[in-house]
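All remarks here apply to the structure that follows.
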Amino acid sequence: MSEDTRPILAVALLGSGGAGIATAGEILLETARRAGYYGKLTRSFGPQIRGGETASFVQLSIEPEAPPISRYDLVAALDWKNAERFAAELPTGPATRIVAAADAGEGPTLTGVVAEPLALREAARNTGVRENLQLLAVLCGWLGLSLGDLLDVASQRFRTRFGEASRALLADRIATPRPTGIPRLLPPENGDGSWNINGNEATGLGLLQAGIRMAAAYPITPATELLEWLSPRLEGLGGLLVQAEDELASINMAVGASFGGVPAMTATSGPGLALMHEGIGLAVAAEIPLVVVNVQRGGPSTGLPTKSEQADLLTALFGPHGDAPHVVVAPLGITDCTATAGWAVSLAEQLQTPVILQSEQRLAQTRIVCPPIDAAPAAPARARPTGDTPYQRYADTPAGISPIAKPGDADTRYVADGLEHDQDGTPTTAAAAHELQTSKRQRKLVQHDFGDLAFASEGPDDADVVLIATGSLFPTARAALSELASAGVSARAVGLRLLAPAQPALLAKTLGRARRVLVIEQSAGAQLFHYLRG
Amino acid sequence: MSEDTRPILAVALLGSGGAGIATAGEILLETARRAGYYGKLTRSFGPQIRGGETASFVQLSIEPEAPPISRYDLVAALDWKNAERFAAELPTGPATRIVAAADAGEGPTLTGVVAEPLALREAARNTGVRENLQLLAVLCGWLGLSLGDLLDVASQRFRTRFGEASRALLADRIATPRPTGIPRLLPPENGDGSWNINGNEATGLGLLQAGIRMAAAYPITPATELLEWLSPRLEGLGGLLVQAEDELASINMAVGASFGGVPAMTATSGPGLALMHEGIGLAVAAEIPLVVVNVQRGGPSTGLPTKSEQADLLTALFGPHGDAPHVVVAPLGITDCTATAGWAVSLAEQLQTPVILQSEQRLAQTRIVCPPIDAAPAAPARARPTGDTPYQRYADTPAGISPIAKPGDADTRYVADGLEHDQDGTPTTAAAAHELQTSKRQRKLVQHDFGDLAFASEGPDDADVVLIATGSLFPTARAALSELASAGVSARAVGLRLLAPAQPALLAKTLGRARRVLVIEQSAGAQLFHYLRG
Amino acid sequence: MSAALKPRDFKSDRQPIWCPGCGDFGVLNAITKALAFLERSRDEVALISGIGCSSRIPAYLDTYGFHGLHGRALPIATGLKVARPELTVIATGGDGDGFSIGGNHFLHACRRNTDITYVVMDNEVCGMTKGQASPTTHPDWRQAKLTPGGTQIPSFDPCGIALAAGASFVARGFSGDPNGLAKMITEAIVHPGFSFLQVLSPCPTYRPEQKEWKSQVQRECLDEQSERAAAAAAIHADNGFSTGIVHRLERPVWPPAARGGTTLDDIARAFSA
Amino acid sequence: MSAALKPRDFKSDRQPIWCPGCGDFGVLNAITKALAFLERSRDEVALISGIGCSSRIPAYLDTYGFHGLHGRALPIATGLKVARPELTVIATGGDGDGFSIGGNHFLHACRRNTDITYVVMDNEVCGMTKGQASPTTHPDWRQAKLTPGGTQIPSFDPCGIALAAGASFVARGFSGDPNGLAKMITEAIVHPGFSFLQVLSPCPTYRPEQKEWKSQVQRECLDEQSERAAAAAAIHADNGFSTGIVHRLERPVWPPAARGGTTLDDIARAFSA
Ligand SMILES: Cc1ncc(C[n+]2csc(CCOP(=O)(O)OP(=O)(O)O)c2C)c(N)n1
Ligand SMILES: Cc1ncc(C[n+]2csc(CCOP(=O)(O)OP(=O)(O)O)c2C)c(N)n1
Ligand code: SF4
Ligand code: SF4
Ligand SMILES: [Mg+2]
Ligand SMILES: [Mg+2]
């Protein structure tokens, strides 16, 4: 290998209003997918609604699930306007190559080697092929991606066919000589069967595969794209997504649909979740299966709608009033969204409880190329009335799970109630009934065997150090293991897919003889840490 | 003392639809107050909206704050219809005297001695003096209360003057011979200056004394009576209570009023609190002083609106999404409601934060006679802009408290924001600003010296056993101390008036060398226990 | 089988917690009559309510039901109907439930025109919480401790708002006339789309003066208008005591029917296409 | 001092995040013109908004302001005005903010008649969240990914609802006519009580076809009606593009003024009386 070839390369694309940087990132990722590479794309935006400065961060690799980017190999800018806004997100090094359009203006001070500027504007004016695509062609050439793939992906994306002149220009661009020092990607080890998916889509897929057929929701960043993905697909499967007037309607519509026997969900982000706690509490009391996807963003309040955080843990665990046991799960990475979402549906249907699925902006809006994701299994059928005694909706049972009828079923009529109730659903204030139902609602969760999905673990069983994380930080913790190993630290990463009901005994067992346990979380209040201690 | 005289007596009054048992309890308590006794009145109702079975539980004593009732001395029933509903709340013993109207029907099986039935109906028909009042007169005679006081209280209550015949009848009733075995109360040690007050009123008083002048709220049991008490008094003080269309409006109206510089509040119960979390989070982010009174009832969901519980602890601590530090306090008894409510206002105004005041149905709707309650001090003035630099609403300061201007102030114009913001209030997604403001919001609470009010403690400093409780269970814990002492256990009761921010160091210090710590709480999920461990 | 059901067969054996003389008894009767008349199967009917005295009604019927949250009867009913279009879904509740905390859902349900019947028992008071003003309370009613000087806010006009919001069936009934009311509820259930019924239903406990409604109500004197504006004018001109169906118009029911055509495999396959 | 203020003095030096050509620029201009015309002190004005592109407006004015929660501009504004009656309180926001999530507060603010001016920038879309249907969106608009077949729900009629709910001042303006709009806003601020302004404010990004509004809007052709019913009829008959003040009626402002008369001592004393 006389040439500098690598299994992983990281490229940052920058530009301001209307430069098409977001699109360029998507096209690059998909073009690489077709060549057989894996990859990842994240984006960052300025405050403008549209047309502000944009950065696309693309990582390409020959193996899936590459570790977090620690340094960019290539930074390419169509213009540098307000690019300093991204400086904190853009680690570079002496080997980083920086290339910009000829008229990009003054760049921020980035460590790296500046390459010859690219003159793109005139050709754009002459051929109509925009600078973003020309830049992409240059990069594809340098990275070793093919013109054919690029043309296919771009014409699909822009719903257009490129004319002769455009093709000729792009062929020319892709042949732009590589400045020395720009590394090449190793040849791909993979066909073109891999998937191009983001966390929102992977979540939606799992929900549908497990059986969700009704959704009601109100748009909110960063959950909107999940809803937009679901809407036509739900309809295609004979279901429906209702755009509700607000989050109070959303959660209660989902409750109504599920009461009707149809697996139902809503999705939102922090502000919406805060509004839904009364409805979630109703689902707890009336024992209605329900999935609430919370795509976390920065808080508190309206907070930072486009940024990621894990600080909605406590509200998800403890938001509804009263003793309101329910289930909270979190996907341990983007590809895990499908399995965890499917699991959420299964748990909801089986345990007749609301399940909050804690996604994150960082999972939801990160697009990856990955091996095909296994389908989530269909949720088990709800416990059905047996018919041998007068039907009691809230009958006390050893497992705490009472058979659940649905309207239309013969002779199992009942009234679901959010007031405390007797076993047949009649409201009561009697202490004995309250104790019975409270303990039933708690027991059905505490006694459930959540199985292997509860926690994930990677690393030696007898490791000295255990890193505990959930959500998007589990892959981060895993990536840290090899670094720790090289530093001589024997470490293990434990990922919490199941956050509630708490599993102190299982966790203690999992932690084994670790001498040191570190909780890794993205919350200023150390929410997970305090929760695990309680 | 040849006669059986006692410092404390407990009387239960029972009756069904329209019997006037609730009123009878209130008249008995106030009549005893005028005689110089202290006392307590709680009530229990059947499920009917109005006119169902009712029980009034009255305790009279020569000293204030008598311990919880362990056995009733006297059970008096106008009729026994559905009285078995109250059996669980009605501990009796062999010495309990049971008396009923002649036509009361079949009673539940209660341990005790049944006295001669009282024939009241015919006299009621002849004089118009209802049976409840006649029964009261009989009881007053037995307990040693005066006809004059009874007549005064009753005529004030019914807004009527009693005629000759009625007075004669009641004089006759009060002279009803005492069955043997009914104990007498010791003579009172007190004048008639004591107060007749319930927890809702004591809370309202503290709020007003500390400076609340605006409230917005939506009715909900058991907070409604607090609001109804406040409404005319706020207007009388030049303020206002707005009956809002819902809880979302309530909390946000209170935010708006406080933004305007007027100390503001709302009050609700669990379902309403669940709806307010988004608004409370806004007050956290925009740093708006605000008091939210949560009169806890049984949950989850609509739950048990007329029953008490302490299971809203977690939602009060952790309901709002994101890292949303705020203050949670709880009164340690009925008389403590005034001081704690006043403190809540002071903390809100000083720390520019929402303060949730956790009351309980048991405090709110229990009426007591007690020594006059000290006035809560007026809240300190908000930190005002100094005027020497361009005003920055969210300026970073060592204490984390930024000067707060209000509309109308000269030259300190700013925009309050629930989006993350720079020090001058401009929205930003920059990580540095988020860190700065997040840490400022946390620091201002964590660094604050909450002083002696944070915890209450009773019992020897070096006690072996510490009972930790909050709210209405602190008096219960205190009452247990003497029992424990007689059993040879050295115990101390610690009451948590401050629930958040958590004070682990202070708590550890307070617990001292205790060998055993018991957490006493009314929540099936052991919410306080887990919280204190985290 | 269901053809033989009598109104009383639609009643459960639970004892209502309502006060003697409460108007809601009449509404309960009327609903059972309508369901019996329509020969609905008890298994195919669901009553959805909020919280309040009136919202207790589902438990007194022997059908399916959901006694949900204060103000949220309509969303639960909408979710159910959309998921299970073959059911007869009746949403019920009070004036506080529907027009105070539930106002937004009311607006949007009128607009959406999902095939639900919404029966509001209007007693111009929050009964369950012991007598506070509701949006339909007269501004000068001074018996509420929460608003001792009266609300001094003009009362909410349920039928007027329903019309402005686009409800396709709007009627006013009286609980003291269970037969007339049963007929109205029958029409409302049969109407395809969202049908709104404001039922004057007295609260003798907190509004004893409503016992007079018996003589004030004008039965069936509102003329049916298919024109929204004409209906609005009629409601506007009325003193609030006329009853009848004031508006009925068939317009597309939501959601539109056609759905389907995709498989889970199609959906998964698209990630590598 | 404030008498000398120009419209531009009411602008802050923050750069709006709005897209080029966004209608909200025109609304910002119109508000500053109205405030300058009325010679209000910048210290005595507060702009309260919800969340959305349009709701960003307070930061672009050099007055007091509150950029609150999605849908809750009116409650915050009401709380502020009730607490501080001497201030000029202007609530602002978008159609999603005001009519979808905020619909209930809209209804009740119209009814309550607190002296607030409410300016809704109606672009028939949720702009901030990247182009979903709002209540005012036409049922057949198919560009929203969330409702690819269109909502198929008749659009919400803001002025009609405001009238039915009892608003005492109702007008429709156009952001493309900042002078006409400034006049309207001036009248609205001066009106004692709740004044509602629906401002057609195009979103060139998600609703490029709204660039046509310039030619579709009929300026100042709605006749002012003091009768609520007549105004409703006019709005009902209109195609949504006529502008003007359609209704203005002085009625009691809430809350009524008289308060006071008690002391804290009186209140405490009552516990032993
Ligand atoms: C979120 C929430 N807020 C408030 C309440 C308290 N609440 C229960 S019923 C009710 C009013 C009921 O009035 P209405 O709907 O008119 O019914 P009515 O009792 O008059 O039949 C209120 C305010 C509640 N249960 N939940
Ligand atoms: C409780 C809550 N739900 C949803 C959102 C997401 N959200 C922000 S702005 C907006 C819609 C804004 O639409 P509109 O009010 O019409 O304003 P525009 O952007 O069109 O000016 C939504 C749904 C939120 N911030 N908070
Ligand atoms: S309080 Fe009024 S509405 Fe409620 S049950 Fe009694 S009479 Fe009926
Ligand atoms: S998206 Fe539309 S409403 Fe938002 S700023 Fe851009 S043009 Fe204006
Ligand atoms: Mg009512
Ligand atoms: Mg809009």
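Residue numbers start at 1 in each chain; chains themselves are named A, B, ... in the order of the structure tokens; ligands are numbered from 1 in the order shown.
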Chain D superposed on chain C over all ordered C-alpha pairs, least squares: can you write that as a compact mmCIF listing (two decimals) with C-alpha atoms, in the first residue's frame?
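Result saved to part-v5.txt:
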```txt
# COMPACT_ATOMS: atom_id res chain seq x y z
CA MET D 1 -81.32 -11.13 18.50
CA SER D 2 -80.64 -7.44 19.02
CA ALA D 3 -83.89 -6.64 17.21
CA ALA D 4 -85.76 -7.72 20.29
CA LEU D 5 -83.91 -5.42 22.67
CA LYS D 6 -85.91 -2.93 24.69
CA PRO D 7 -84.52 0.41 25.87
CA ARG D 8 -84.05 -1.00 29.36
CA ASP D 9 -81.86 -3.76 27.93
CA PHE D 10 -79.35 -1.06 27.12
CA LYS D 11 -79.08 -0.10 30.78
CA SER D 12 -76.45 -1.64 33.01
CA ASP D 13 -77.37 -2.57 36.54
CA ARG D 14 -75.19 0.11 38.08
CA GLN D 15 -76.95 2.69 40.21
CA PRO D 16 -76.31 6.21 38.87
CA ILE D 17 -74.53 8.47 41.34
CA TRP D 18 -76.58 11.41 40.12
CA CYS D 19 -78.68 13.54 42.44
CA PRO D 20 -82.42 12.98 42.43
CA GLY D 21 -83.94 15.06 39.65
CA CYS D 22 -80.72 15.41 37.68
CA GLY D 23 -81.42 15.98 34.01
CA ASP D 24 -78.90 13.35 33.02
CA PHE D 25 -81.37 10.58 33.86
CA GLY D 26 -83.48 11.80 30.96
CA VAL D 27 -80.51 11.73 28.61
CA LEU D 28 -79.68 8.19 29.68
CA ASN D 29 -83.23 7.17 28.89
CA ALA D 30 -83.21 8.90 25.56
CA ILE D 31 -79.98 7.21 24.49
CA THR D 32 -81.29 3.78 25.37
CA LYS D 33 -84.49 4.51 23.44
CA ALA D 34 -82.57 5.62 20.39
CA LEU D 35 -80.32 2.56 20.44
CA ALA D 36 -83.27 0.23 20.87
CA PHE D 37 -85.17 1.96 18.09
CA LEU D 38 -82.17 1.62 15.80
CA GLU D 39 -81.83 -2.04 16.78
CA ARG D 40 -78.14 -1.67 17.41
CA SER D 41 -76.31 -4.58 18.92
CA ARG D 42 -75.03 -3.67 22.38
CA ASP D 43 -71.69 -5.16 21.40
CA GLU D 44 -71.32 -2.74 18.53
CA VAL D 45 -71.91 0.48 20.45
CA ALA D 46 -69.31 2.43 22.42
CA LEU D 47 -70.00 5.42 24.63
CA ILE D 48 -67.02 7.63 25.26
CA SER D 49 -67.02 10.35 27.87
CA GLY D 50 -64.88 12.84 29.72
CA ILE D 51 -65.11 13.62 33.43
CA GLY D 52 -68.06 15.23 35.19
CA CYS D 53 -71.44 14.12 36.50
CA SER D 54 -72.74 13.78 32.96
CA SER D 55 -69.62 11.94 31.88
CA ARG D 56 -70.52 9.10 34.22
CA ILE D 57 -73.13 7.97 31.71
CA PRO D 58 -71.19 5.17 29.93
CA ALA D 59 -71.21 2.99 33.05
CA TYR D 60 -75.00 3.14 33.14
CA LEU D 61 -75.33 1.66 29.68
CA ASP D 62 -74.79 -1.98 28.89
CA THR D 63 -72.59 -1.29 25.88
CA TYR D 64 -68.85 -0.81 25.54
CA GLY D 65 -67.60 2.44 26.95
CA PHE D 66 -64.69 4.57 28.00
CA HIS D 67 -64.83 7.01 30.89
CA GLY D 68 -61.68 8.85 29.96
CA LEU D 69 -60.17 12.19 30.86
CA HIS D 70 -61.72 15.55 31.51
CA GLY D 71 -62.12 17.26 28.15
CA ARG D 72 -60.86 14.41 25.99
CA ALA D 73 -63.98 12.47 25.05
CA LEU D 74 -63.80 13.58 21.43
CA PRO D 75 -60.20 12.54 20.76
CA ILE D 76 -60.79 9.11 22.28
CA ALA D 77 -64.00 8.75 20.29
CA THR D 78 -62.26 9.89 17.12
CA GLY D 79 -59.40 7.45 17.59
CA LEU D 80 -61.83 4.63 18.16
CA LYS D 81 -64.06 5.45 15.21
CA VAL D 82 -61.16 5.85 12.84
CA ALA D 83 -59.72 2.53 13.98
CA ARG D 84 -63.08 0.72 14.00
CA PRO D 85 -65.40 2.41 11.50
CA GLU D 86 -68.09 -0.24 11.85
CA LEU D 87 -68.87 0.69 15.46
CA THR D 88 -71.51 3.16 16.59
CA VAL D 89 -69.50 5.70 18.55
CA ILE D 90 -71.25 8.19 20.82
CA ALA D 91 -69.25 10.80 22.69
CA THR D 92 -70.85 12.35 25.75
CA GLY D 93 -70.07 14.81 28.50
CA GLY D 94 -70.88 18.11 30.07
CA ASP D 95 -70.55 21.76 29.16
CA GLY D 96 -67.42 22.17 31.25
CA ASP D 97 -65.91 19.08 29.75
CA GLY D 98 -66.80 19.90 26.18
CA PHE D 99 -66.57 23.67 25.97
CA SER D 100 -64.08 24.69 28.64
CA ILE D 101 -61.19 22.24 28.75
CA GLY D 102 -62.37 20.36 25.66
CA GLY D 103 -63.04 23.38 23.44
CA ASN D 104 -60.24 22.75 20.98
CA HIS D 105 -61.29 19.20 20.26
CA PHE D 106 -64.86 20.39 19.79
CA LEU D 107 -63.75 22.88 17.15
CA HIS D 108 -61.70 20.34 15.28
CA ALA D 109 -64.19 17.50 15.53
CA CYS D 110 -66.82 19.76 13.94
CA ARG D 111 -64.41 20.48 11.12
CA ARG D 112 -63.15 16.93 10.67
CA ASN D 113 -66.59 15.35 10.31
CA THR D 114 -65.72 11.91 11.60
CA ASP D 115 -68.90 9.89 12.02
CA ILE D 116 -69.45 10.38 15.74
CA THR D 117 -72.48 11.57 17.66
CA TYR D 118 -71.60 14.05 20.38
CA VAL D 119 -74.16 14.59 23.13
CA VAL D 120 -73.37 17.40 25.54
CA MET D 121 -75.47 17.59 28.70
CA ASP D 122 -75.51 21.32 29.24
CA ASN D 123 -76.42 22.43 32.75
CA GLU D 124 -74.48 25.67 32.59
CA VAL D 125 -72.35 24.63 35.51
CA CYS D 126 -69.50 22.39 36.55
CA GLY D 127 -71.59 20.06 38.64
CA MET D 128 -69.06 17.42 39.63
CA THR D 129 -66.71 19.97 41.18
CA LYS D 130 -69.59 21.49 43.16
CA GLY D 131 -70.84 24.40 41.24
CA GLN D 132 -68.43 26.56 39.30
CA ALA D 133 -69.30 28.55 36.21
CA SER D 134 -68.82 26.82 32.88
CA PRO D 135 -68.55 28.55 29.49
CA THR D 136 -72.32 28.36 29.05
CA THR D 137 -73.03 29.98 32.42
CA HIS D 138 -74.74 33.35 32.30
CA PRO D 139 -72.27 36.16 33.07
CA ASP D 140 -74.35 37.37 36.00
CA TRP D 141 -74.81 34.08 37.82
CA ARG D 142 -73.33 34.84 41.22
CA GLN D 143 -73.73 31.57 43.11
CA ALA D 144 -70.30 30.21 42.26
CA LYS D 145 -67.78 30.78 45.03
CA LEU D 146 -65.02 30.84 42.47
CA THR D 147 -66.59 33.78 40.63
CA PRO D 148 -68.66 35.49 43.30
CA GLY D 149 -69.38 38.51 41.13
CA GLY D 150 -70.43 36.36 38.20
CA THR D 151 -68.02 35.58 35.39
CA GLN D 152 -68.94 38.79 33.57
CA ILE D 153 -68.06 36.96 30.38
CA PRO D 154 -70.77 36.41 27.76
CA SER D 155 -71.76 32.80 27.64
CA PHE D 156 -70.48 30.39 25.03
CA ASP D 157 -72.92 29.56 22.27
CA PRO D 158 -72.46 25.84 21.58
CA CYS D 159 -74.63 25.57 18.47
CA GLY D 160 -73.27 28.81 17.03
CA ILE D 161 -69.69 27.66 17.48
CA ALA D 162 -70.47 24.23 16.08
CA LEU D 163 -71.90 25.84 12.98
CA ALA D 164 -69.01 28.23 12.53
CA ALA D 165 -66.62 25.32 12.94
CA GLY D 166 -68.42 23.39 10.21
CA ALA D 167 -70.44 20.74 12.04
CA SER D 168 -72.69 18.93 9.57
CA PHE D 169 -75.47 18.16 12.05
CA VAL D 170 -76.43 20.53 14.85
CA ALA D 171 -79.37 20.18 17.20
CA ARG D 172 -80.60 21.31 20.59
CA GLY D 173 -82.62 19.03 22.83
CA PHE D 174 -84.02 18.92 26.33
CA SER D 175 -83.57 16.14 28.84
CA GLY D 176 -87.07 16.78 30.15
CA ASP D 177 -88.42 15.48 26.83
CA PRO D 178 -86.85 12.03 26.54
CA ASN D 179 -88.98 10.98 23.61
CA GLY D 180 -88.23 14.06 21.55
CA LEU D 181 -84.61 13.74 22.57
CA ALA D 182 -84.52 10.06 21.64
CA LYS D 183 -85.74 10.94 18.17
CA MET D 184 -83.08 13.61 17.85
CA ILE D 185 -80.36 11.24 19.00
CA THR D 186 -81.62 8.66 16.52
CA GLU D 187 -81.28 11.18 13.72
CA ALA D 188 -77.87 12.17 14.95
CA ILE D 189 -76.61 8.59 15.03
CA VAL D 190 -77.97 7.95 11.56
CA HIS D 191 -76.38 11.12 10.19
CA PRO D 192 -73.16 10.27 8.37
CA GLY D 193 -70.50 12.51 9.88
CA PHE D 194 -70.11 14.47 13.07
CA SER D 195 -73.40 15.27 14.74
CA PHE D 196 -73.62 17.64 17.67
CA LEU D 197 -76.43 17.74 20.18
CA GLN D 198 -76.63 20.35 22.89
CA VAL D 199 -79.00 18.90 25.47
CA LEU D 200 -80.35 21.24 28.10
CA SER D 201 -80.02 19.01 31.15
CA PRO D 202 -80.81 20.70 34.46
CA CYS D 203 -78.70 20.45 37.59
CA PRO D 204 -81.22 20.78 40.41
CA THR D 205 -78.42 20.74 42.97
CA TYR D 206 -76.31 23.67 41.87
CA ARG D 207 -78.76 25.37 39.53
CA PRO D 208 -82.15 24.88 41.22
CA GLU D 209 -83.58 27.67 39.08
CA GLN D 210 -83.20 25.33 36.09
CA LYS D 211 -86.31 23.51 37.26
CA GLU D 212 -88.02 26.33 35.35
CA TRP D 213 -86.55 25.07 32.08
CA LYS D 214 -89.49 22.72 31.80
CA SER D 215 -91.69 25.68 31.06
CA GLN D 216 -89.15 27.78 29.20
CA VAL D 217 -88.12 25.23 26.62
CA GLN D 218 -89.85 25.47 23.25
CA ARG D 219 -90.05 21.99 21.82
CA GLU D 220 -88.98 21.27 18.27
CA CYS D 221 -89.41 24.81 17.07
CA LEU D 222 -86.04 25.26 15.41
CA ASP D 223 -86.41 24.82 11.68
CA GLU D 224 -83.91 22.61 9.97
CA GLN D 225 -81.61 24.55 7.65
CA SER D 226 -79.25 22.92 5.22
CA GLU D 227 -77.53 26.26 4.74
CA ARG D 228 -74.94 26.90 7.41
CA ALA D 229 -75.45 30.66 7.41
CA ALA D 230 -79.20 30.39 7.77
CA ALA D 231 -78.83 27.99 10.66
CA ALA D 232 -76.36 30.34 12.32
CA ALA D 233 -78.79 33.21 11.95
CA ALA D 234 -81.57 31.14 13.49
CA ILE D 235 -79.39 30.17 16.46
CA HIS D 236 -78.21 33.73 16.84
CA ALA D 237 -81.76 35.02 16.93
CA ASP D 238 -82.91 32.40 19.39
CA ASN D 239 -83.02 32.77 23.18
CA GLY D 240 -81.35 29.42 23.74
CA PHE D 241 -84.50 27.58 24.72
CA SER D 242 -85.76 26.45 21.33
CA THR D 243 -85.09 22.85 20.49
CA GLY D 244 -84.87 20.94 17.26
CA ILE D 245 -82.43 20.00 14.55
CA VAL D 246 -81.20 23.31 13.22
CA HIS D 247 -78.72 22.12 10.63
CA ARG D 248 -78.11 18.96 8.66
CA LEU D 249 -75.95 18.67 5.59
CA GLU D 250 -74.31 15.64 4.08
CA ARG D 251 -70.69 16.28 3.33
CA PRO D 252 -67.71 13.95 3.01
CA VAL D 253 -67.06 11.94 6.13
CA TRP D 254 -63.50 11.76 7.40
CA PRO D 255 -61.36 9.79 6.86
CA PRO D 256 -61.97 9.00 3.20
CA ALA D 257 -62.30 5.26 2.73
CA ALA D 258 -59.66 4.03 0.29
CA ARG D 259 -56.55 2.65 1.98
CA GLY D 260 -54.18 -0.27 1.45
CA GLY D 261 -51.94 -1.48 -1.35
CA THR D 262 -48.53 -1.82 0.29
CA THR D 263 -46.84 -4.69 2.08
CA LEU D 264 -44.23 -4.68 4.82
CA ASP D 265 -41.82 -6.21 2.32
CA ASP D 266 -42.30 -3.35 -0.14
CA ILE D 267 -41.55 -0.95 2.66
CA ALA D 268 -38.36 -2.70 3.76
CA ARG D 269 -37.17 -3.20 0.21
CA ALA D 270 -37.19 0.54 -0.45
CA PHE D 271 -34.19 1.01 1.85
CA SER D 272 -31.88 -0.63 -0.65
CA ALA D 273 -33.43 0.73 -3.82
```
Distance table requested - chain B against chain A, cut-off 6 Å, only C-alpha atoms: one row per qualifying residue with the closest atom pair and its distance in Å to one decimal, ordered by chain and rising residue number, as a Markdown table.
```
| residue | atom | partner | partner_atom | distance |
| --- | --- | --- | --- | --- |
| B:Gly270 | CA | A:His321 | CA | 5.5 |
| B:Pro271 | CA | A:Glu278 | CA | 5.9 |
| B:Ala274 | CA | A:Glu278 | CA | 5.2 |
| B:Leu275 | CA | A:Leu275 | CA | 5.5 |
| B:His277 | CA | A:Ala274 | CA | 5.5 |
| B:Glu278 | CA | A:Ala274 | CA | 5.2 |
| B:Gly281 | CA | A:Ser301 | CA | 5.0 |
| B:Leu282 | CA | A:Ser301 | CA | 5.0 |
| B:Gly299 | CA | A:Gly322 | CA | 4.1 |
| B:Pro300 | CA | A:Gly322 | CA | 4.2 |
| B:Ser301 | CA | A:Leu282 | CA | 5.0 |
| B:Thr302 | CA | A:Leu419 | CA | 4.9 |
| B:Gly303 | CA | A:Leu419 | CA | 4.2 |
| B:Leu304 | CA | A:Thr429 | CA | 5.8 |
| B:Ala311 | CA | A:Gly322 | CA | 4.5 |
| B:Asp312 | CA | A:Gly322 | CA | 4.9 |
| B:Leu314 | CA | A:Phe318 | CA | 5.6 |
| B:Thr315 | CA | A:Gly319 | CA | 4.9 |
| B:Phe318 | CA | A:Thr315 | CA | 5.5 |
| B:Gly319 | CA | A:Gly319 | CA | 4.2 |
| B:Pro320 | CA | A:Thr315 | CA | 6.0 |
| B:His321 | CA | A:Asp312 | CA | 5.1 |
| B:Gly322 | CA | A:Gly299 | CA | 4.2 |
| B:Asp323 | CA | A:Pro300 | CA | 5.5 |
| B:Ala324 | CA | A:Pro300 | CA | 5.5 |
| B:Gly418 | CA | A:Thr302 | CA | 5.3 |
| B:Leu419 | CA | A:Gly303 | CA | 4.2 |
| B:Glu420 | CA | A:Gly303 | CA | 4.8 |
| B:Thr429 | CA | A:Leu304 | CA | 5.8 |
| B:His530 | CA | A:Gly534 | CA | 4.6 |
| B:Tyr531 | CA | A:Gly534 | CA | 5.9 |
| B:Arg533 | CA | A:Gly534 | CA | 4.6 |
| B:Gly534 | CA | A:Gly534 | CA | 3.8 |
```
Alpha helix (DSSP H) per DSSP on the backbone: members of stretch 31-239 of chain C, as an MDAnalysis selection string: chainID C and resid 31:37 73:83 95 103:112 158:165 178:190 213:216 228:237
Within 7 Å of chain C, which residues of chain A show up when using only C-alpha atoms, listed as a PyMOL selection string? chain A and resi 193-197+209+214+235-238+245+249+252-257+259-260+262+407-411+413-418
Show me, as JSON, numbers by chain, the residues that have an atom within 8 Å of A:Ala469 when counting only C-alpha atoms, minus same-chain residues fewer than 3 positions from it. {"A": [473, 474, 477, 493, 494, 495, 496, 519, 520, 521]}
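Reported to one decimal place, the separation of atom CA of A:Ile8 from atom CA of A:Ser61 is 4.2 Å.
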Contact residues around B:Lys81 with only C-alpha atoms at 10 Å, ignoring same-chain residues under 3 positions, as a ChimeraX atom specification: /B:14-17,52-54,77-78,84-85,104-108
